[in-house]
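Data block for my_file.tsv (TSV, C-alpha atoms):
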```tsv
chain	number	residue	atom	x	y	z
A	23	MET	CA	0.00	0.00	0.00
A	24	ILE	CA	2.70	2.48	1.05
A	25	ASN	CA	4.82	1.28	-1.84
A	26	VAL	CA	2.03	2.14	-4.30
A	27	LEU	CA	1.60	5.57	-2.72
A	28	THR	CA	5.32	6.37	-2.79
A	29	THR	CA	5.62	5.14	-6.38
A	30	VAL	CA	2.76	7.39	-7.42
A	31	LEU	CA	4.18	10.39	-5.53
A	32	ILE	CA	7.74	10.03	-6.82
A	33	SER	CA	6.77	9.32	-10.42
A	34	THR	CA	4.30	12.21	-10.46
A	35	GLY	CA	7.04	14.45	-9.09
A	36	ILE	CA	9.50	13.33	-11.76
A	37	LEU	CA	6.84	13.82	-14.46
A	38	VAL	CA	6.18	17.37	-13.22
A	39	LEU	CA	9.93	18.12	-13.21
A	40	ALA	CA	10.24	16.67	-16.73
A	41	CYS	CA	7.45	18.96	-17.92
A	42	GLY	CA	9.40	21.84	-16.40
A	43	VAL	CA	12.44	20.87	-18.48
A	44	ILE	CA	10.31	20.65	-21.63
A	45	GLY	CA	8.97	24.11	-20.75
A	46	ILE	CA	12.46	25.57	-20.43
A	47	LEU	CA	13.32	24.18	-23.87
A	48	ARG	CA	10.12	25.21	-25.65
A	49	LEU	CA	9.11	28.62	-24.30
A	50	PRO	CA	10.28	31.71	-26.23
A	51	ASP	CA	12.12	33.93	-23.73
A	52	PHE	CA	13.74	34.22	-20.35
A	53	TYR	CA	10.68	35.31	-18.37
A	54	THR	CA	8.29	32.70	-19.70
A	55	ARG	CA	10.94	30.06	-19.08
A	56	MET	CA	11.09	31.16	-15.45
A	57	HIS	CA	7.36	30.44	-15.25
A	58	ALA	CA	7.96	26.83	-16.21
A	59	ALA	CA	11.08	26.44	-14.08
A	60	GLY	CA	9.85	28.21	-10.94
A	61	LYS	CA	6.49	26.49	-10.69
A	62	THR	CA	7.26	22.93	-11.60
A	63	ASP	CA	10.35	23.08	-9.38
A	64	SER	CA	8.50	23.54	-6.12
A	65	LEU	CA	5.69	21.03	-6.72
A	66	GLY	CA	7.91	18.38	-8.34
A	67	ALA	CA	10.62	18.51	-5.71
A	68	VAL	CA	8.11	18.50	-2.86
A	69	LEU	CA	6.25	15.49	-4.33
A	70	VAL	CA	9.51	13.57	-4.66
A	71	ALA	CA	10.59	14.56	-1.14
A	72	VAL	CA	7.27	13.52	0.42
A	73	GLY	CA	7.50	10.23	-1.47
A	74	PHE	CA	10.98	9.62	-0.09
A	75	ALA	CA	9.88	10.56	3.43
A	76	LEU	CA	6.94	8.12	3.32
A	77	TYR	CA	9.04	5.31	1.88
A	78	ASN	CA	11.79	5.86	4.43
A	79	GLY	CA	9.43	6.13	7.39
A	80	GLN	CA	7.31	3.05	6.68
A	81	SER	CA	9.25	0.87	9.14
A	82	LEU	CA	8.11	3.31	11.89
A	83	ALA	CA	11.49	2.85	13.62
A	84	PHE	CA	12.50	5.96	15.54
A	85	ALA	CA	15.71	6.60	13.59
A	86	ASP	CA	13.89	6.27	10.25
A	87	LEU	CA	11.18	8.66	11.39
A	88	LEU	CA	13.87	11.22	12.28
A	89	VAL	CA	15.30	10.94	8.77
A	90	SER	CA	11.80	11.30	7.32
A	91	ALA	CA	11.30	14.45	9.40
A	92	LYS	CA	14.55	15.83	7.94
A	93	ILE	CA	13.34	15.09	4.40
A	94	LEU	CA	10.10	16.93	5.17
A	95	PHE	CA	12.18	19.87	6.43
A	96	ILE	CA	13.91	19.88	3.03
A	97	ALA	CA	10.49	20.00	1.36
A	98	VAL	CA	9.50	23.02	3.47
A	99	PHE	CA	12.79	24.80	2.69
A	100	ILE	CA	12.33	24.18	-1.05
A	101	PHE	CA	8.84	25.63	-0.75
A	102	VAL	CA	10.21	28.84	0.76
A	103	ALA	CA	13.40	29.07	-1.29
A	104	SER	CA	12.11	28.28	-4.79
A	105	PRO	CA	9.74	31.26	-5.22
A	106	THR	CA	12.29	33.52	-3.53
A	107	ALA	CA	14.98	32.48	-6.00
A	108	THR	CA	12.49	33.01	-8.85
A	109	HIS	CA	11.84	36.58	-7.65
A	110	ALA	CA	15.55	37.29	-7.32
A	111	ILE	CA	16.35	36.07	-10.83
A	112	MET	CA	13.37	37.87	-12.40
A	113	GLN	CA	14.21	41.13	-10.61
A	114	THR	CA	17.82	40.95	-11.74
A	115	ALA	CA	16.70	40.36	-15.33
A	116	ILE	CA	14.41	43.41	-15.23
A	117	ALA	CA	17.17	45.51	-13.66
A	118	LEU	CA	19.58	44.45	-16.41
A	119	GLY	CA	17.00	45.38	-19.04
A	120	VAL	CA	16.27	41.97	-20.56
A	121	GLU	CA	13.36	42.59	-22.95
A	122	PRO	CA	10.28	40.42	-22.37
A	123	TRP	CA	9.04	38.57	-25.45
A	124	SER	CA	5.62	39.82	-26.42
A	125	LYS	CA	3.10	38.85	-29.02
A	126	LYS	CA	2.58	42.24	-30.63
A	127	GLU	CA	6.13	42.52	-31.93
A	128	GLU	CA	5.61	39.27	-33.80
A	129	GLU	CA	2.64	40.57	-35.76
A	130	PRO	CA	3.40	42.14	-39.15
B	10	MET	CA	7.05	33.26	27.87
B	11	ALA	CA	8.15	33.97	24.33
B	12	LYS	CA	11.66	32.89	25.27
B	13	ILE	CA	10.47	29.55	26.65
B	14	ALA	CA	8.33	28.86	23.57
B	15	THR	CA	11.21	29.76	21.24
B	16	PHE	CA	13.52	27.53	23.28
B	17	LEU	CA	11.11	24.57	23.01
B	18	ILE	CA	10.69	24.96	19.24
B	19	MET	CA	14.46	25.28	18.81
B	20	ALA	CA	15.05	22.22	20.97
B	21	VAL	CA	12.65	20.09	18.89
B	22	VAL	CA	14.34	21.20	15.66
B	23	TRP	CA	17.77	20.49	17.19
B	24	VAL	CA	16.81	16.97	18.26
B	25	VAL	CA	15.26	16.15	14.88
B	26	LEU	CA	18.23	17.47	12.93
B	27	SER	CA	20.99	16.07	15.13
B	28	GLY	CA	19.46	12.67	15.88
B	29	MET	CA	22.07	12.01	18.59
B	30	PHE	CA	20.99	11.54	22.17
B	31	ASP	CA	24.23	11.35	24.17
B	32	ALA	CA	24.83	13.87	26.94
B	33	PHE	CA	27.43	15.86	24.97
B	34	HIS	CA	25.23	16.62	21.97
B	35	LEU	CA	22.16	17.32	24.07
B	36	THR	CA	24.10	19.76	26.29
B	37	LEU	CA	25.45	21.48	23.19
B	38	GLY	CA	21.91	21.73	21.86
B	39	ILE	CA	20.53	23.17	25.09
B	40	ILE	CA	23.28	25.82	25.21
B	41	CYS	CA	22.72	26.81	21.57
B	42	CYS	CA	18.92	26.88	21.90
B	43	GLY	CA	19.23	28.95	25.07
B	44	LEU	CA	21.47	31.51	23.37
B	45	VAL	CA	19.26	31.76	20.28
B	46	ALA	CA	16.10	32.00	22.39
B	47	HIS	CA	17.64	34.71	24.56
B	48	PHE	CA	18.81	36.92	21.69
B	49	SER	CA	16.23	36.41	18.96
B	50	HIS	CA	12.90	35.31	20.45
B	51	GLY	CA	11.49	38.58	19.06
B	52	LEU	CA	11.91	37.26	15.51
B	53	LEU	CA	9.60	34.30	16.02
B	54	PHE	CA	7.06	35.95	18.33
B	55	TRP	CA	6.71	39.39	16.79
B	56	GLY	CA	5.00	41.94	19.08
B	57	GLY	CA	1.58	41.61	20.64
B	58	ASP	CA	0.34	39.16	23.25
B	59	ALA	CA	0.18	35.39	23.03
B	60	LYS	CA	-3.53	35.37	22.20
B	61	SER	CA	-3.37	37.51	19.06
B	62	TRP	CA	-0.22	35.68	17.99
B	63	SER	CA	-1.84	32.24	18.24
B	64	ARG	CA	-4.94	33.52	16.44
B	65	GLY	CA	-2.68	34.76	13.67
B	66	LEU	CA	-1.01	31.37	13.54
B	67	VAL	CA	-4.37	29.60	13.20
B	68	ARG	CA	-5.43	31.94	10.35
B	69	TRP	CA	-2.10	31.36	8.63
B	70	ALA	CA	-2.55	27.59	9.00
B	71	LEU	CA	-5.98	27.89	7.40
B	72	TYR	CA	-4.44	29.84	4.50
B	73	VAL	CA	-1.82	27.18	3.72
B	74	PRO	CA	-4.17	24.43	2.34
B	75	SER	CA	-5.80	26.83	-0.11
B	76	LEU	CA	-2.32	27.92	-1.19
B	77	LEU	CA	-1.26	24.28	-1.73
B	78	TRP	CA	-4.30	23.73	-3.93
B	79	GLU	CA	-3.48	26.90	-5.90
B	80	ILE	CA	0.03	25.55	-6.44
B	81	VAL	CA	-1.32	22.30	-7.90
B	82	LEU	CA	-3.61	24.31	-10.22
B	83	ALA	CA	-0.65	26.51	-11.23
B	84	ASN	CA	1.41	23.49	-12.13
B	85	ILE	CA	-1.41	21.95	-14.17
B	86	HIS	CA	-1.80	25.27	-15.99
B	87	VAL	CA	1.88	25.66	-16.80
B	88	ILE	CA	2.23	22.00	-17.84
B	89	ARG	CA	-0.78	22.36	-20.14
B	90	VAL	CA	0.76	25.45	-21.74
B	91	VAL	CA	4.13	23.77	-22.09
B	92	LEU	CA	2.79	20.62	-23.71
B	93	HIS	CA	0.34	22.47	-25.97
B	94	PRO	CA	1.17	21.88	-29.65
B	95	ARG	CA	0.46	25.52	-30.61
B	96	MET	CA	2.04	26.96	-27.48
B	97	LEU	CA	3.09	30.28	-29.00
B	98	GLU	CA	-0.53	31.06	-29.90
B	99	ILE	CA	-1.98	30.61	-26.43
B	100	ILE	CA	0.63	32.60	-24.51
B	101	ASP	CA	0.71	36.38	-24.49
B	102	PRO	CA	3.25	37.47	-21.86
B	103	GLN	CA	3.03	40.89	-20.28
B	104	LEU	CA	4.28	42.95	-17.36
B	105	ILE	CA	1.61	44.48	-15.14
B	106	ARG	CA	1.79	46.79	-12.14
B	107	PHE	CA	-0.74	47.22	-9.35
B	108	ARG	CA	-0.94	48.76	-5.89
B	109	THR	CA	-1.71	46.68	-2.84
B	110	VAL	CA	-3.68	47.54	0.28
B	111	LEU	CA	-1.46	45.32	2.44
B	112	GLU	CA	0.75	47.14	4.91
B	113	ARG	CA	2.87	44.71	6.88
B	114	PRO	CA	6.06	43.48	5.17
B	115	ILE	CA	5.24	39.86	6.04
B	116	SER	CA	1.88	40.03	4.28
B	117	LYS	CA	3.45	41.67	1.22
B	118	VAL	CA	5.99	38.87	1.06
B	119	THR	CA	3.23	36.29	1.47
B	120	LEU	CA	1.25	37.92	-1.36
B	121	ALA	CA	4.34	37.99	-3.58
B	122	GLN	CA	5.08	34.32	-2.94
B	123	SER	CA	1.42	33.42	-3.44
B	124	ILE	CA	1.27	35.26	-6.78
B	125	THR	CA	4.40	33.47	-7.89
B	126	LEU	CA	2.86	30.14	-6.99
B	127	THR	CA	-0.51	30.70	-8.70
B	128	PRO	CA	-1.23	30.00	-12.40
B	129	GLY	CA	0.65	32.04	-14.96
B	130	THR	CA	2.03	34.84	-12.79
B	131	ILE	CA	5.37	35.65	-11.18
B	132	THR	CA	6.03	38.63	-8.92
B	133	VAL	CA	9.05	40.50	-10.22
B	134	ASP	CA	9.45	43.34	-7.77
B	135	ILE	CA	7.91	45.18	-4.82
B	136	ARG	CA	8.63	48.89	-4.39
B	137	GLY	CA	6.72	50.38	-1.48
B	138	ASP	CA	3.17	49.22	-2.16
B	139	GLU	CA	3.59	48.74	-5.92
B	140	PHE	CA	3.91	45.20	-7.22
B	141	THR	CA	5.36	44.33	-10.63
B	142	VAL	CA	4.06	41.03	-11.95
B	143	HIS	CA	4.93	39.09	-15.09
B	144	ALA	CA	1.92	37.21	-16.46
B	145	LEU	CA	1.87	34.43	-19.03
B	146	ASP	CA	-1.31	35.55	-20.80
B	147	ARG	CA	-3.83	38.37	-20.81
B	148	ILE	CA	-6.56	36.55	-18.90
B	149	VAL	CA	-4.46	35.80	-15.81
B	150	ALA	CA	-3.01	39.32	-15.99
B	151	GLU	CA	-6.48	40.76	-15.61
B	152	GLY	CA	-7.33	38.42	-12.72
B	153	CYS	CA	-4.38	39.62	-10.63
B	154	PRO	CA	-4.14	40.07	-7.62
B	155	GLY	CA	-7.65	38.64	-7.19
B	156	ALA	CA	-9.10	37.09	-4.07
B	157	MET	CA	-5.76	36.17	-2.55
B	158	GLU	CA	-5.00	39.70	-1.40
B	159	GLU	CA	-8.23	39.77	0.60
B	160	ARG	CA	-7.54	36.36	2.14
B	161	ILE	CA	-4.04	37.41	3.18
B	162	ARG	CA	-5.40	40.66	4.61
B	163	LYS	CA	-7.84	38.59	6.70
B	164	ALA	CA	-5.17	36.13	7.76
B	165	LEU	CA	-2.39	38.53	8.67
B	166	GLU	CA	-3.67	42.06	9.10
B	167	GLU	CA	-7.02	42.00	10.86
B	168	GLU	CA	-7.41	43.53	14.32
B	169	ARG	CA	-4.24	45.52	14.04
```

Could you show the structure in this file as C-alpha cells?
Amino acid sequence: MINVLTTVLISTGILVLACGVIGILRLPDFYTRMHAAGKTDSLGAVLVAVGFALYNGQSLAFADLLVSAKILFIAVFIFVASPTATHAIMQTAIALGVEPWSKKEEEP
Amino acid sequence: MAKIATFLIMAVVWVVLSGMFDAFHLTLGIICCGLVAHFSHGLLFWGGDAKSWSRGLVRWALYVPSLLWEIVLANIHVIRVVLHPRMLEIIDPQLIRFRTVLERPISKVTLAQSITLTPGTITVDIRGDEFTVHALDRIVAEGCPGAMEERIRKALEEER
C-alpha cells in the first residue's frame, strides 16, 4: 500500500519536473521560461521529497522517522526558497533590461 | 514566555536534525537553543500578546491548504501550456503593475510568494506598495491580484 503511494508520488514528481524541463526548452524567452522552471520546481521537488519521506518512514522505527522528518524539512525549505529564487532572478533580469518577449512585436 | 516557547521549538528542531541523544550533543543543543532563544525570540514571536499571535497562527494555518491547492492548479496550468502543440498562440506574456492595500512586510511577502505560486504569474518586484508582476497571458493578468490579497489581509492584518 505504502509502496504504491510512494511510487505514485515520486513518479508524479519526476513527471512534473520533466514537464518543467520541456517548458524551459520550448518557451520563447527568459521570463516565460522562469514560469515553467519556478512552478514545476516547487511542486515536483516536494512530491519527490514527500514520497521519499513516506518510503523511508514506513518501518516506523525511531531513527527512520527522524530521517523522514529531515526530508520533510527539506520539502519546506524548497517551498520557501524556490519562489524567492524566482523573484531574485526575475528582478535581476528586469534591472539588467532583458526585454520580455511579447506577441505584438511578432505581428506584421 | 516567548523565550520559553522559542527555546522549546528550537530544541525540537535540534533533536530532529541532530538525531544524537548522548549527553554531549544534548548539552550542546541546550546551550545553543538557550542563546538563540535569549537573543532572537522577538523574531519568532513578533510583538503583541500570546492570544493575538496564536490567532494569527491559526489563520495562517488555514491559509496554507488553499495555497497548496493553488500551487497544484498553477502546475497543471503551466504543464498544459508547455505541452500544448500551438504553445506560442496561447501565450501572451506581459508585465503588469498594481498597488496593494497590504501594509505589513510579512503580508506583502506572502502575497508575492502566493502570486508566484498561482497559475501564470510571477512577482518581479515590490517597491513600497507597488507590485510588478509578469503574467503568461492576458486573462491571468487581468485576474491579478484577485481574491488572494483579501484572504491574506484577513489572515495577517485584521485587528491591528

Per residue of range 40-108 of chain A within 12 Å of range 21-37 of chain B, which atom pair is closest and at what distance in Å (one decimal), using all atoms listed in the file, listed by chain and increasing number, as a tab-separated table?
```
residue	atom	partner	partner_atom	distance
A:Phe84	CA	B:Gly28	CA	9.7
A:Ala85	CA	B:Gly28	CA	7.5
A:Asp86	CA	B:Gly28	CA	10.2
A:Leu87	CA	B:Val25	CA	9.2
A:Leu88	CA	B:Val25	CA	5.7
A:Val89	CA	B:Val25	CA	8.0
A:Ser90	CA	B:Val25	CA	9.6
A:Ala91	CA	B:Val25	CA	7.0
A:Lys92	CA	B:Leu26	CA	6.4
A:Ile93	CA	B:Leu26	CA	10.1
A:Leu94	CA	B:Val25	CA	11.0
A:Phe95	CA	B:Leu26	CA	9.2
A:Ile96	CA	B:Leu26	CA	11.1
```

Store the residues picked out above, limited to C-alpha atoms, as a PDB file, in the coordinates of the input.
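The result, stored in part12.pdb:
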```pdb
ATOM      1  CA  PHE A  84      12.500   5.960  15.540  1.00  0.00           C
ATOM      2  CA  ALA A  85      15.710   6.600  13.590  1.00  0.00           C
ATOM      3  CA  ASP A  86      13.890   6.270  10.250  1.00  0.00           C
ATOM      4  CA  LEU A  87      11.180   8.660  11.390  1.00  0.00           C
ATOM      5  CA  LEU A  88      13.870  11.220  12.280  1.00  0.00           C
ATOM      6  CA  VAL A  89      15.300  10.940   8.770  1.00  0.00           C
ATOM      7  CA  SER A  90      11.800  11.300   7.320  1.00  0.00           C
ATOM      8  CA  ALA A  91      11.300  14.450   9.400  1.00  0.00           C
ATOM      9  CA  LYS A  92      14.550  15.830   7.940  1.00  0.00           C
ATOM     10  CA  ILE A  93      13.340  15.090   4.400  1.00  0.00           C
ATOM     11  CA  LEU A  94      10.100  16.930   5.170  1.00  0.00           C
ATOM     12  CA  PHE A  95      12.180  19.870   6.430  1.00  0.00           C
ATOM     13  CA  ILE A  96      13.910  19.880   3.030  1.00  0.00           C
TER      14      ILE A  96
END
```

Listing only residues of chain B within 7 Å of chain A, what is the closest atom pair and its distance in Å (to one decimal) for each, using only C-alpha atoms, sorted by chain and residue number ascending, as a tab-separated table?
```
residue	atom	partner	partner_atom	distance
B:Val25	CA	A:Leu88	CA	5.7
B:Leu26	CA	A:Lys92	CA	6.4
B:Gly28	CA	A:Leu88	CA	6.8
B:Asn84	CA	A:Thr62	CA	5.9
B:Val87	CA	A:Ala58	CA	6.2
B:Ile88	CA	A:Cys41	CA	6.0
B:Val91	CA	A:Gly45	CA	5.0
B:Asp101	CA	A:Lys125	CA	5.7
B:Pro102	CA	A:Ser124	CA	5.7
B:Gln103	CA	A:Ser124	CA	6.7
B:Gln122	CA	A:Pro105	CA	6.0
B:Thr125	CA	A:Pro105	CA	6.4
B:Leu126	CA	A:Lys61	CA	6.3
B:Gly129	CA	A:His57	CA	6.9
B:Ile131	CA	A:His57	CA	6.9
B:Thr132	CA	A:His109	CA	6.3
B:Val133	CA	A:Gln113	CA	5.2
B:Asp134	CA	A:Gln113	CA	6.0
B:Leu145	CA	A:Thr54	CA	6.7
```

Checklist entry - Hey, what's within 8 Å of range 58-69 of chain B if we count all atoms listed in the file and toss same-chain stuff fewer than 6 positions away? As a ChimeraX atom specification, please? => result /B:163-165

Checklist entry - Of the residues A:Ala107, A:Leu118, A:Ala97, A:Val26, which is the one nearest to Leu69 in chain A, using all atoms listed in the file? => result A:Ala97

Next on the checklist: Set the distance at 9 Å and use all atoms listed in the file: which residues neighbour Lys12 in chain B once local chain neighbours fewer than 4 positions away are removed? I'd like the list as a PyMOL selection string.
Outcome noted: chain B and resi 16-17+43+46-51+54
